Amino acid sequence: MKTLIKNGHIVTAVDSYIADILIDGETVAMIGKDLSSVAGAVDKTIDATGKLVIPGGIDPHTHMDLPFGGTSSSDDFETGTRAAAFGGTTTIIDFAVQYHGQALNEGLDAWFAKAEGKATTDYGFHLICTDLPDERLPELKAMINQGVTSFKLFMAYPGVFLVDDGVIFKAMTEAGENGGLICMHAENGVVIDVLVKRAIAEGRTAPKYHALTRPTKAEAEGVHRAIAIAEMANSPVYIVHLSCYDALKEVQAARDLGLPAFAETCPQYLLLDYSLYEKPDFEGAKYVMTPPLRDRENQEKLWKGLRSDDLQVISTDHCPFCMKEQKELGRDDFSRIPNGGPGVENRMSLIYHHGVAQGRINLNRFVELTSTAAAKIFGLFPKKGTIAVGSDADIVIFDPNREQTISAATHHMRVDYSAYEGWKVKGVTEVVLSRGKVIVENGEWKGKAGDGRFIKRGTFA
Ligand code: URP
Ligand code: ZN
Ligand code: ZN
């Protein structure tokens with residue numbers, strides 16, 4: 001199958017020019033001016049005049065079909081990757097979980113079973129490790145050799161996911177020596193647990209107390225500690241879902257010292273704020289996620305961090321739960337509201353609109369933050385994350401001038417609300433190719449469950 005994309009405005013993390021792209025099979029074969037004369041017979045021609053042609057988005061933080069808080073996130077690998085594709089994201093890196101008593105492989109195998117035959121686009125896995133006695137540490141290297149080159153550790157959720165500082169140090173040492181990367185959920189979960197128990201005992205049970213029991217200092221302390229332990233272990237560290245200026249200052253200080261500290265933030269921390277928890281009638285539950293939404297003042301600091309490269313990646317932490325029957329589990333106790341929110345479909349348009357169209361970041365940085373940087377940090381580059389000869393033809397044709405209104409009535413995520421209901425955004429994904437195959441075209445789904453492949457990732461370079 002040969003496809004010619006004509007006359008588009010190709011944007012990568014470093015380039016911006018008008019040209020044609022010839023796709024042969026699954027990869028980009030040629031890029032140049034007026035390729036019609038040299039392409040030979042093609043099966044499909046797409047006119048991209050006036051459109052942006054960008055690398056497919058990479059979302060390195062999703063939770064499809066994740067058991068959490070007595071239920072499971074409502075998107076599985078089919079509905080979640082399909083929704084991602086509609087929004088211009090063609091690769092996800094999801095979090096598999098190793099539970100207590102399991103070998104690392106057991107955890108990973110369970111997530112392969114969830115994804116295989118279902119994923120519509122390519123995917124990789126990080127592995128959440130919850131139980132790492134010394135004898136299990138060598139299993140980290142075995143995972144890295146299988147292409148699962150990053151691991152998430154939690155400083156939060158005592159008794160469920162939390163691992164102590166000794167375990168974090170040992171895991172970072174082992175990962176660092178073998179080209180692995182530790183992703184850290186950085187929050188002082190022990191202090192937070194005390195605050196949560198006190199709030200419940202005192203009858204403060206509404207959704208807003210989720211936020212009020214997770215202060216920014218608890219996150220900043222976790223980030224500081226994660227980076228300090230990484231420095232002692234001589235390893236890089238990647239802070240996930242960084243939400244506030246207090247935490248960002250810790251990353252900034254480390255990077256100013258030249259330490260290999262990296263961090264992502266998410267659209268919800270750039271665009272939504274604490275006031276949403278004050279909504280009446282349990283509506284605040286829609287925004288119960290961890291870390292919580294912060295005061296509005298944090299948002300421009302995070303945008304500045306994205307411009308100055310103190311933050312390298314925008315992921316979503318897509319972890320949807322329906323209001324009906326899922327978020328409702330915590331109607332009388334905020335600590336029982338499953339933590340997480342939807343967003344995988346909205347990331348590219350939200351960041352284009354609020355980032356590029358509103359002058360906060362330029363087009364190249366948009367591509368870097370939503371695709372290229374994640375590809376580089378997580379060992380997917382240059383197969384993914386750019387448009388270059390030989391790269392996978394994961395390509396998005398994006399109309400920068402069309403407007404859309406975000407709504408649960410029209411989105412493709414399997415969740416009964418949108419955190420951005422009624423928001424108008426400029427910038428719409430029109431055509432999506434996954435390894436050369438058109439999977440979305442003008443609002444129509446053309447992909448297939450099971451077409452997505454597991455991608456073995458490279459080590460941290
Ligand atoms: O609230 C969130 N973020 N849920 C997903 C789990 C996590 O910590 O990333
Ligand atoms: Zn987390
Ligand atoms: Zn997460």
# chains A, B, ... in the order shown; residues from 1 in each chain; ligands from 1
>>> residues_around(residues="Leu22 (chain A)", least_positions_apart="2", cutoff="12 Å", atoms="only C-alpha atoms", output="ChimeraX atom specification")
/A:1-8,19-20,24-46,387-393,395,436
>>> write_last_selection(atoms="N, CA and C atoms", output="compact mmCIF listing (two decimals), in the first residue's frame")
# COMPACT_ATOMS: atom_id res chain seq x y z
N MET A 1 0.86 -1.21 0.00
CA MET A 1 0.00 0.00 0.00
C MET A 1 0.89 1.25 0.00
N LYS A 2 0.67 2.10 -0.99
CA LYS A 2 1.41 3.36 -1.08
C LYS A 2 0.45 4.53 -0.92
N THR A 3 0.80 5.46 -0.04
CA THR A 3 -0.06 6.64 0.17
C THR A 3 0.79 7.89 -0.02
N LEU A 4 0.21 8.84 -0.71
CA LEU A 4 0.90 10.12 -0.91
C LEU A 4 0.12 11.22 -0.18
N ILE A 5 0.81 11.88 0.73
CA ILE A 5 0.19 13.03 1.42
C ILE A 5 0.75 14.28 0.75
N LYS A 6 -0.12 15.06 0.15
CA LYS A 6 0.36 16.15 -0.71
C LYS A 6 0.22 17.52 -0.06
N ASN A 7 1.32 18.27 -0.18
CA ASN A 7 1.25 19.72 0.03
C ASN A 7 0.90 20.14 1.46
N GLY A 8 1.26 19.29 2.42
CA GLY A 8 0.95 19.63 3.81
C GLY A 8 2.05 20.47 4.44
N ALA A 19 5.64 20.27 2.06
CA ALA A 19 6.18 19.21 1.20
C ALA A 19 5.18 18.06 1.10
N ASP A 20 5.55 17.07 0.27
CA ASP A 20 4.76 15.84 0.14
C ASP A 20 5.46 14.73 0.93
N ASP A 24 5.28 4.09 2.04
CA ASP A 24 5.29 2.79 1.35
C ASP A 24 5.18 1.72 2.43
N GLY A 25 4.07 1.02 2.47
CA GLY A 25 3.86 0.04 3.54
C GLY A 25 3.67 0.77 4.86
N GLU A 26 4.51 0.44 5.83
CA GLU A 26 4.30 0.97 7.19
C GLU A 26 5.16 2.18 7.50
N THR A 27 6.05 2.55 6.59
CA THR A 27 7.01 3.61 6.94
C THR A 27 7.04 4.72 5.90
N VAL A 28 7.66 5.81 6.30
CA VAL A 28 7.84 6.95 5.39
C VAL A 28 8.97 6.61 4.42
N ALA A 29 8.65 6.72 3.11
CA ALA A 29 9.65 6.34 2.09
C ALA A 29 10.37 7.56 1.52
N MET A 30 9.64 8.66 1.36
CA MET A 30 10.23 9.86 0.74
C MET A 30 9.53 11.10 1.28
N ILE A 31 10.31 12.17 1.38
CA ILE A 31 9.72 13.48 1.71
C ILE A 31 10.32 14.45 0.69
N GLY A 32 9.50 15.25 0.06
CA GLY A 32 10.06 16.18 -0.91
C GLY A 32 8.98 17.00 -1.58
N LYS A 33 9.42 17.90 -2.43
CA LYS A 33 8.49 18.76 -3.18
C LYS A 33 7.93 17.97 -4.35
N ASP A 34 6.63 18.07 -4.55
CA ASP A 34 5.95 17.48 -5.70
C ASP A 34 6.41 16.06 -6.02
N LEU A 35 6.12 15.15 -5.10
CA LEU A 35 6.57 13.76 -5.26
C LEU A 35 5.75 12.98 -6.28
N SER A 36 4.64 13.57 -6.78
CA SER A 36 3.79 12.83 -7.72
C SER A 36 4.60 12.30 -8.90
N SER A 37 5.57 13.10 -9.33
CA SER A 37 6.33 12.72 -10.53
C SER A 37 7.29 11.55 -10.28
N VAL A 38 7.64 11.31 -9.01
CA VAL A 38 8.60 10.23 -8.74
C VAL A 38 7.99 9.08 -7.93
N ALA A 39 6.78 9.28 -7.43
CA ALA A 39 6.20 8.28 -6.52
C ALA A 39 5.76 7.00 -7.24
N GLY A 40 5.53 7.08 -8.55
CA GLY A 40 4.96 5.93 -9.26
C GLY A 40 3.49 5.81 -8.90
N ALA A 41 2.92 4.62 -9.12
CA ALA A 41 1.49 4.42 -8.83
C ALA A 41 1.27 4.40 -7.32
N VAL A 42 0.28 5.16 -6.86
CA VAL A 42 -0.05 5.14 -5.43
C VAL A 42 -1.49 4.67 -5.26
N ASP A 43 -1.77 4.10 -4.09
CA ASP A 43 -3.12 3.59 -3.82
C ASP A 43 -4.04 4.68 -3.31
N LYS A 44 -3.44 5.68 -2.64
CA LYS A 44 -4.29 6.72 -2.04
C LYS A 44 -3.52 8.03 -2.02
N THR A 45 -4.22 9.10 -2.34
CA THR A 45 -3.62 10.44 -2.25
C THR A 45 -4.46 11.26 -1.28
N ILE A 46 -3.77 11.91 -0.36
CA ILE A 46 -4.49 12.77 0.60
C ILE A 46 -4.00 14.21 0.37
N ILE A 387 8.66 12.76 11.82
CA ILE A 387 8.37 12.38 10.43
C ILE A 387 9.70 12.42 9.70
N ALA A 388 10.22 11.25 9.37
CA ALA A 388 11.52 11.17 8.71
C ALA A 388 11.53 9.90 7.87
N VAL A 389 12.38 9.87 6.86
CA VAL A 389 12.47 8.68 6.01
C VAL A 389 12.87 7.50 6.90
N GLY A 390 12.08 6.42 6.83
CA GLY A 390 12.35 5.22 7.63
C GLY A 390 11.55 5.15 8.91
N SER A 391 11.00 6.27 9.36
CA SER A 391 10.18 6.25 10.59
C SER A 391 8.82 5.61 10.29
N ASP A 392 8.21 5.08 11.33
CA ASP A 392 6.83 4.57 11.18
C ASP A 392 5.93 5.69 10.66
N ALA A 393 5.06 5.34 9.74
CA ALA A 393 4.14 6.36 9.21
C ALA A 393 2.95 6.51 10.16
N ILE A 395 1.07 9.27 11.42
CA ILE A 395 1.00 10.67 10.97
C ILE A 395 -0.41 11.20 11.20
N GLY A 436 1.07 3.65 8.46
CA GLY A 436 0.71 3.73 7.04
C GLY A 436 -0.74 3.48 6.73
>>> residues_around(residues="Ile227 (chain A)", least_positions_apart="4", cutoff="8 Å", atoms="only C-alpha atoms", output="VMD selection string")
chain A and resid 223 231 237 251 254 261
>>> write_last_selection(atoms="N, CA, C and O atoms", output="PDB file, in the first residue's frame")
ATOM      1  N   VAL A 223       8.912  15.035  45.259  1.00  0.00           N
ATOM      2  CA  VAL A 223       9.783  15.296  44.095  1.00  0.00           C
ATOM      3  C   VAL A 223      11.216  15.508  44.574  1.00  0.00           C
ATOM      4  O   VAL A 223      12.171  14.948  44.006  1.00  0.00           O
ATOM      5  N   GLU A 231      19.895  10.814  42.648  1.00  0.00           N
ATOM      6  CA  GLU A 231      21.283  11.309  42.598  1.00  0.00           C
ATOM      7  C   GLU A 231      22.203  10.338  43.350  1.00  0.00           C
ATOM      8  O   GLU A 231      23.274   9.968  42.858  1.00  0.00           O
ATOM      9  N   VAL A 237      15.732  10.104  36.712  1.00  0.00           N
ATOM     10  CA  VAL A 237      14.384   9.930  37.271  1.00  0.00           C
ATOM     11  C   VAL A 237      13.411  10.777  36.456  1.00  0.00           C
ATOM     12  O   VAL A 237      13.783  11.844  35.949  1.00  0.00           O
ATOM     13  N   VAL A 251      12.219  20.408  40.488  1.00  0.00           N
ATOM     14  CA  VAL A 251      12.777  19.889  39.220  1.00  0.00           C
ATOM     15  C   VAL A 251      13.713  20.932  38.617  1.00  0.00           C
ATOM     16  O   VAL A 251      14.814  20.610  38.148  1.00  0.00           O
ATOM     17  N   ALA A 254      17.053  20.966  40.348  1.00  0.00           N
ATOM     18  CA  ALA A 254      17.864  19.792  40.000  1.00  0.00           C
ATOM     19  C   ALA A 254      18.447  19.929  38.597  1.00  0.00           C
ATOM     20  O   ALA A 254      19.627  19.647  38.360  1.00  0.00           O
ATOM     21  N   ALA A 261      17.072  14.840  35.743  1.00  0.00           N
ATOM     22  CA  ALA A 261      15.697  14.799  36.268  1.00  0.00           C
ATOM     23  C   ALA A 261      14.764  15.292  35.166  1.00  0.00           C
ATOM     24  O   ALA A 261      15.012  16.336  34.554  1.00  0.00           O
TER      25      ALA A 261
END
>>> closest_atom_pairs(of="chain A", to="ligand 3", cutoff="7 Å", atoms="only C-alpha atoms and all ligand atoms", output="Markdown table")
| residue | atom | partner | partner_atom_place_in_ligand_line | distance |
| --- | --- | --- | --- | --- |
| A:His61 | CA | ligand 3 | 1 (Zn) | 6.0 |
| A:Thr62 | CA | ligand 3 | 1 (Zn) | 6.3 |
| A:His63 | CA | ligand 3 | 1 (Zn) | 6.4 |
| A:Asp317 | CA | ligand 3 | 1 (Zn) | 4.5 |
| A:His318 | CA | ligand 3 | 1 (Zn) | 7.0 |
| A:Cys319 | CA | ligand 3 | 1 (Zn) | 6.8 |
>>> write_last_selection(atoms="C-alpha atoms", output="PDB file, in the first residue's frame")
ATOM      1  CA  HIS A  61       0.882   7.944  30.697  1.00  0.00           C
ATOM      2  CA  THR A  62      -2.398   6.040  30.343  1.00  0.00           C
ATOM      3  CA  HIS A  63      -4.296   3.520  32.462  1.00  0.00           C
ATOM      4  CA  ASP A 317      -2.721  10.255  32.989  1.00  0.00           C
ATOM      5  CA  HIS A 318      -5.907   9.054  31.280  1.00  0.00           C
ATOM      6  CA  CYS A 319      -7.656   6.978  33.948  1.00  0.00           C
TER       7      CYS A 319
END
>>> atom_distance(atom1="CA of Gly159 (chain A)", atom2="CA of Lys114 (chain A)")
25.0 Å
>>> closest_atom_pairs(of="chain A", to="ligand 1", cutoff="8 Å", atoms="only C-alpha atoms and all ligand atoms", output="Markdown table")
| residue | atom | partner | partner_atom_place_in_ligand_line | distance |
| --- | --- | --- | --- | --- |
| A:His61 | CA | ligand 1 | 9 (O) | 7.7 |
| A:His63 | CA | ligand 1 | 5 (C) | 6.7 |
| A:Phe154 | CA | ligand 1 | 8 (O) | 7.8 |
| A:His185 | CA | ligand 1 | 8 (O) | 6.3 |
| A:Val240 | CA | ligand 1 | 9 (O) | 7.6 |
| A:His241 | CA | ligand 1 | 9 (O) | 7.2 |
| A:Val288 | CA | ligand 1 | 1 (O) | 6.8 |
| A:Met289 | CA | ligand 1 | 1 (O) | 3.4 |
| A:Thr290 | CA | ligand 1 | 1 (O) | 3.7 |
| A:Pro291 | CA | ligand 1 | 3 (N) | 6.4 |
| A:Pro292 | CA | ligand 1 | 1 (O) | 7.7 |
| A:Asp317 | CA | ligand 1 | 9 (O) | 5.9 |
| A:His318 | CA | ligand 1 | 5 (C) | 7.4 |
| A:Cys319 | CA | ligand 1 | 5 (C) | 5.5 |
| A:Pro338 | CA | ligand 1 | 1 (O) | 7.6 |
| A:Asn339 | CA | ligand 1 | 1 (O) | 3.9 |
| A:Gly340 | CA | ligand 1 | 1 (O) | 3.5 |
| A:Gly341 | CA | ligand 1 | 1 (O) | 6.8 |
>>> select_by_dssp(residues="region 239-427 of chain A", states="alpha helix (DSSP H)", output="compact mmCIF listing (two decimals) with C-alpha atoms, in the first residue's frame")
# COMPACT_ATOMS: atom_id res chain seq x y z
CA TYR A 245 4.79 25.24 41.11
CA ASP A 246 6.13 23.97 44.45
CA ALA A 247 7.01 20.66 42.76
CA LEU A 248 8.26 22.31 39.59
CA LYS A 249 10.76 24.39 41.61
CA GLU A 250 12.35 21.14 42.80
CA VAL A 251 12.78 19.89 39.22
CA GLN A 252 14.11 23.27 38.11
CA ALA A 253 16.71 23.31 40.89
CA ALA A 254 17.86 19.79 40.00
CA ARG A 255 18.10 20.51 36.28
CA ASP A 256 20.01 23.74 36.98
CA PRO A 267 -3.61 19.20 30.40
CA GLN A 268 -5.74 19.09 33.56
CA TYR A 269 -3.02 20.83 35.60
CA LEU A 270 -2.53 23.45 32.89
CA LEU A 271 -6.21 24.18 32.35
CA GLU A 297 -1.78 30.55 39.98
CA ASN A 298 0.13 27.35 39.29
CA GLN A 299 -0.95 27.14 35.66
CA GLU A 300 1.16 29.89 34.07
CA LYS A 301 4.18 28.60 36.05
CA LEU A 302 3.69 25.19 34.46
CA TRP A 303 3.39 26.71 30.97
CA LYS A 304 6.61 28.60 31.66
CA GLY A 305 8.23 25.32 32.75
CA LEU A 306 7.16 23.78 29.44
CA ARG A 307 8.72 26.65 27.50
CA ARG A 347 -4.80 16.32 24.71
CA MET A 348 -3.65 17.39 21.24
CA SER A 349 -6.49 19.85 20.60
CA LEU A 350 -6.40 21.32 24.11
CA ILE A 351 -2.65 21.89 23.93
CA LEU A 363 4.43 24.66 16.74
CA ASN A 364 7.74 22.82 17.06
CA ARG A 365 7.46 22.78 20.84
CA PHE A 366 3.88 21.51 20.51
CA VAL A 367 5.14 18.51 18.56
CA ALA A 373 10.25 14.15 23.77
CA ALA A 374 8.33 11.12 25.01
CA ALA A 375 9.74 9.08 22.10
CA LYS A 376 13.27 10.10 23.05
CA ILE A 377 12.94 9.66 26.81
>>> select_by_dssp(residues="region 138-282 of chain A", states="strand (DSSP E or B)", output="list in words")
Ser150, Phe151, Lys152, Leu153, Phe154, Leu162, Leu181, Ile182, Cys183, Met184, His185, Val237, Tyr238, Ile239, Ala261, Phe262, Ala263, Glu264 and Thr265 of chain A
>>> write_last_selection(atoms="all heavy atoms", output="compact mmCIF listing (two decimals), in the first residue's frame")
# COMPACT_ATOMS: atom_id res chain seq x y z
N SER A 150 10.98 1.10 31.49
CA SER A 150 10.69 2.09 32.54
C SER A 150 9.72 1.48 33.55
O SER A 150 8.91 0.62 33.21
CB SER A 150 10.13 3.37 31.92
OG SER A 150 9.15 3.06 30.96
N PHE A 151 9.83 1.97 34.77
CA PHE A 151 9.11 1.39 35.90
C PHE A 151 8.52 2.52 36.72
O PHE A 151 9.18 3.54 36.92
CB PHE A 151 10.08 0.57 36.77
CG PHE A 151 10.82 -0.44 35.95
CD1 PHE A 151 12.04 -0.12 35.37
CD2 PHE A 151 10.28 -1.69 35.71
CE1 PHE A 151 12.71 -1.03 34.57
CE2 PHE A 151 10.94 -2.61 34.91
CZ PHE A 151 12.17 -2.29 34.33
N LYS A 152 7.30 2.33 37.20
CA LYS A 152 6.73 3.36 38.06
C LYS A 152 6.75 2.88 39.50
O LYS A 152 6.33 1.76 39.80
CB LYS A 152 5.29 3.71 37.64
CG LYS A 152 4.71 4.87 38.47
CD LYS A 152 3.32 5.28 38.00
CE LYS A 152 2.77 6.42 38.87
NZ LYS A 152 1.36 6.73 38.60
N LEU A 153 7.26 3.74 40.36
CA LEU A 153 7.21 3.49 41.80
C LEU A 153 6.37 4.57 42.46
O LEU A 153 6.32 5.70 41.99
CB LEU A 153 8.62 3.51 42.39
CG LEU A 153 9.61 2.49 41.81
CD1 LEU A 153 10.97 2.63 42.47
CD2 LEU A 153 9.09 1.06 41.97
N PHE A 154 5.71 4.20 43.54
CA PHE A 154 4.80 5.12 44.23
C PHE A 154 5.35 5.49 45.60
O PHE A 154 5.69 4.61 46.39
CB PHE A 154 3.42 4.47 44.45
CG PHE A 154 2.54 4.46 43.23
CD1 PHE A 154 2.74 3.54 42.22
CD2 PHE A 154 1.49 5.35 43.10
CE1 PHE A 154 1.92 3.50 41.10
CE2 PHE A 154 0.65 5.33 41.99
CZ PHE A 154 0.87 4.41 40.98
N LEU A 162 2.52 1.97 47.63
CA LEU A 162 3.73 2.63 48.17
C LEU A 162 4.89 1.65 48.38
O LEU A 162 4.70 0.54 48.88
CB LEU A 162 3.39 3.31 49.51
CG LEU A 162 4.53 4.07 50.21
CD1 LEU A 162 4.01 5.34 50.88
CD2 LEU A 162 5.25 3.20 51.24
N LEU A 181 14.61 3.38 33.42
CA LEU A 181 14.22 4.69 33.93
C LEU A 181 13.11 4.51 34.97
O LEU A 181 12.11 3.84 34.69
CB LEU A 181 13.72 5.57 32.77
CG LEU A 181 13.22 6.97 33.12
CD1 LEU A 181 14.34 7.83 33.72
CD2 LEU A 181 12.67 7.66 31.86
N ILE A 182 13.30 5.11 36.14
CA ILE A 182 12.24 5.05 37.16
C ILE A 182 11.34 6.27 37.02
O ILE A 182 11.80 7.41 37.01
CB ILE A 182 12.85 5.00 38.58
CG1 ILE A 182 13.72 3.76 38.79
CG2 ILE A 182 11.74 5.09 39.64
CD1 ILE A 182 13.01 2.42 38.76
N CYS A 183 10.05 6.00 36.88
CA CYS A 183 9.03 7.05 36.85
C CYS A 183 8.46 7.13 38.27
O CYS A 183 8.07 6.10 38.82
CB CYS A 183 7.90 6.69 35.89
SG CYS A 183 8.46 6.38 34.21
N MET A 184 8.39 8.32 38.80
CA MET A 184 8.01 8.42 40.21
C MET A 184 6.67 9.13 40.40
O MET A 184 6.48 10.24 39.91
CB MET A 184 9.10 9.18 40.96
CG MET A 184 8.93 9.16 42.45
SD MET A 184 8.98 7.49 43.15
CE MET A 184 10.70 7.14 42.96
N HIS A 185 5.76 8.45 41.12
CA HIS A 185 4.58 9.13 41.65
C HIS A 185 5.05 9.77 42.96
O HIS A 185 5.18 9.08 43.98
CB HIS A 185 3.44 8.14 41.88
CG HIS A 185 2.20 8.79 42.43
ND1 HIS A 185 0.97 8.68 41.82
CD2 HIS A 185 2.00 9.56 43.53
CE1 HIS A 185 0.07 9.36 42.53
NE2 HIS A 185 0.68 9.89 43.58
N VAL A 237 15.73 10.10 36.71
CA VAL A 237 14.38 9.93 37.27
C VAL A 237 13.41 10.78 36.46
O VAL A 237 13.78 11.84 35.95
CB VAL A 237 14.35 10.30 38.78
CG1 VAL A 237 14.70 11.76 39.02
CG2 VAL A 237 12.99 9.96 39.40
N TYR A 238 12.19 10.26 36.32
CA TYR A 238 11.14 10.95 35.55
C TYR A 238 9.95 11.11 36.49
O TYR A 238 9.39 10.12 36.97
CB TYR A 238 10.79 10.08 34.34
CG TYR A 238 9.69 10.61 33.44
CD1 TYR A 238 9.99 11.40 32.33
CD2 TYR A 238 8.36 10.28 33.66
CE1 TYR A 238 8.99 11.85 31.47
CE2 TYR A 238 7.35 10.74 32.81
CZ TYR A 238 7.68 11.52 31.71
OH TYR A 238 6.70 11.96 30.86
N ILE A 239 9.58 12.36 36.76
CA ILE A 239 8.45 12.63 37.66
C ILE A 239 7.16 12.64 36.84
O ILE A 239 7.05 13.39 35.87
CB ILE A 239 8.62 14.01 38.36
CG1 ILE A 239 9.99 14.13 39.05
CG2 ILE A 239 7.47 14.25 39.34
CD1 ILE A 239 10.26 13.19 40.19
N ALA A 261 17.07 14.84 35.74
CA ALA A 261 15.70 14.80 36.27
C ALA A 261 14.76 15.29 35.17
O ALA A 261 15.01 16.34 34.55
CB ALA A 261 15.58 15.68 37.50
N PHE A 262 13.69 14.53 34.93
CA PHE A 262 12.74 14.84 33.86
C PHE A 262 11.34 14.86 34.48
O PHE A 262 11.11 14.22 35.51
CB PHE A 262 12.82 13.79 32.75
CG PHE A 262 14.20 13.65 32.18
CD1 PHE A 262 15.12 12.77 32.76
CD2 PHE A 262 14.61 14.44 31.12
CE1 PHE A 262 16.41 12.67 32.25
CE2 PHE A 262 15.89 14.34 30.62
CZ PHE A 262 16.80 13.46 31.18
N ALA A 263 10.44 15.56 33.82
CA ALA A 263 9.07 15.60 34.38
C ALA A 263 8.05 15.88 33.30
O ALA A 263 8.33 16.54 32.30
CB ALA A 263 8.98 16.67 35.47
N GLU A 264 6.87 15.34 33.54
CA GLU A 264 5.72 15.60 32.67
C GLU A 264 4.66 16.34 33.47
O GLU A 264 4.59 16.21 34.70
CB GLU A 264 5.11 14.27 32.18
CG GLU A 264 4.58 13.44 33.35
CD GLU A 264 3.89 12.13 32.97
OE1 GLU A 264 4.17 11.57 31.90
OE2 GLU A 264 3.06 11.67 33.78
N THR A 265 3.84 17.12 32.77
CA THR A 265 2.60 17.58 33.37
C THR A 265 1.46 17.14 32.43
O THR A 265 1.71 16.44 31.45
CB THR A 265 2.60 19.10 33.63
OG1 THR A 265 1.43 19.43 34.40
CG2 THR A 265 2.60 19.92 32.35
>>> residues_around(residues="Ile92 (chain A)", least_positions_apart="2", cutoff="9 Å", atoms="only C-alpha atoms", output="PyMOL selection string")
chain A and resi 57-62+81+84+89-90+94+121-125
>>> write_last_selection(atoms="N, CA, C and O atoms", output="CSV table (one decimal), in the first residue's frame")
chain,number,residue,atom,x,y,z
A,57,GLY,N,0.7,11.7,17.9
A,57,GLY,CA,0.9,11.9,19.3
A,57,GLY,C,1.3,10.7,20.1
A,57,GLY,O,0.9,9.6,19.7
A,58,ILE,N,2.2,10.9,21.1
A,58,ILE,CA,2.6,9.8,22.0
A,58,ILE,C,2.1,10.2,23.4
A,58,ILE,O,2.6,11.2,23.9
A,59,ASP,N,1.3,9.4,24.0
A,59,ASP,CA,0.9,9.7,25.3
A,59,ASP,C,1.5,8.6,26.2
A,59,ASP,O,1.1,7.4,26.3
A,60,PRO,N,2.6,9.0,27.0
A,60,PRO,CA,3.3,8.0,27.8
A,60,PRO,C,2.7,7.8,29.2
A,60,PRO,O,3.4,7.2,30.0
A,61,HIS,N,1.5,8.2,29.4
A,61,HIS,CA,0.9,7.9,30.7
A,61,HIS,C,-0.6,7.7,30.6
A,61,HIS,O,-1.4,8.6,30.6
A,62,THR,N,-1.0,6.4,30.4
A,62,THR,CA,-2.4,6.0,30.3
A,62,THR,C,-2.6,4.8,31.2
A,62,THR,O,-1.7,4.1,31.6
A,81,THR,N,-7.6,3.2,22.9
A,81,THR,CA,-6.7,3.5,21.8
A,81,THR,C,-7.5,4.1,20.7
A,81,THR,O,-7.0,5.0,19.9
A,84,ALA,N,-8.0,7.7,21.6
A,84,ALA,CA,-6.7,8.4,21.5
A,84,ALA,C,-6.5,8.7,20.0
A,84,ALA,O,-6.1,9.9,19.7
A,89,THR,N,-3.6,10.8,18.8
A,89,THR,CA,-2.5,10.1,19.5
A,89,THR,C,-2.5,8.7,19.0
A,89,THR,O,-3.5,8.0,19.0
A,90,THR,N,-1.3,8.3,18.5
A,90,THR,CA,-1.2,7.0,17.8
A,90,THR,C,-0.3,6.0,18.6
A,90,THR,O,-0.2,4.8,18.1
A,94,ASP,N,1.3,2.5,28.5
A,94,ASP,CA,0.3,2.2,29.5
A,94,ASP,C,1.1,1.6,30.7
A,94,ASP,O,2.2,1.1,30.6
A,121,THR,N,-4.0,0.8,18.1
A,121,THR,CA,-2.8,1.5,17.7
A,121,THR,C,-1.6,0.9,18.5
A,121,THR,O,-1.9,0.1,19.5
A,122,ASP,N,-0.4,1.3,18.2
A,122,ASP,CA,0.8,0.7,18.9
A,122,ASP,C,0.8,1.1,20.4
A,122,ASP,O,0.3,2.2,20.7
A,123,TYR,N,1.4,0.3,21.2
A,123,TYR,CA,1.5,0.6,22.6
A,123,TYR,C,2.8,0.0,23.2
A,123,TYR,O,3.3,-1.0,22.7
A,124,GLY,N,3.2,0.6,24.3
A,124,GLY,CA,4.3,0.0,25.1
A,124,GLY,C,3.8,-0.1,26.5
A,124,GLY,O,2.7,0.4,26.8
A,125,PHE,N,4.6,-0.7,27.4
A,125,PHE,CA,4.3,-0.7,28.8
A,125,PHE,C,5.4,-0.2,29.7
A,125,PHE,O,6.6,-0.5,29.4
>>> closest_residue(among="A:Pro320, A:Pro55, A:Gly50, A:Gly330", to="Asp15 (chain A)", atoms="only C-alpha atoms")
A:Pro55
>>> closest_residue(among="A:Gly427, A:Gly189, A:Pro215, A:Pro236", to="ligand 2", atoms="only C-alpha atoms and all ligand atoms")
A:Gly189
>>> closest_residue(among="A:Ile23, A:Ala220, A:Ala115, A:Ala449", to="Leu242 (chain A)", atoms="only C-alpha atoms")
A:Ala220
>>> atom_distance(atom1="CA of Thr316 (chain A)", atom2="CA of Arg225 (chain A)")
23.8 Å
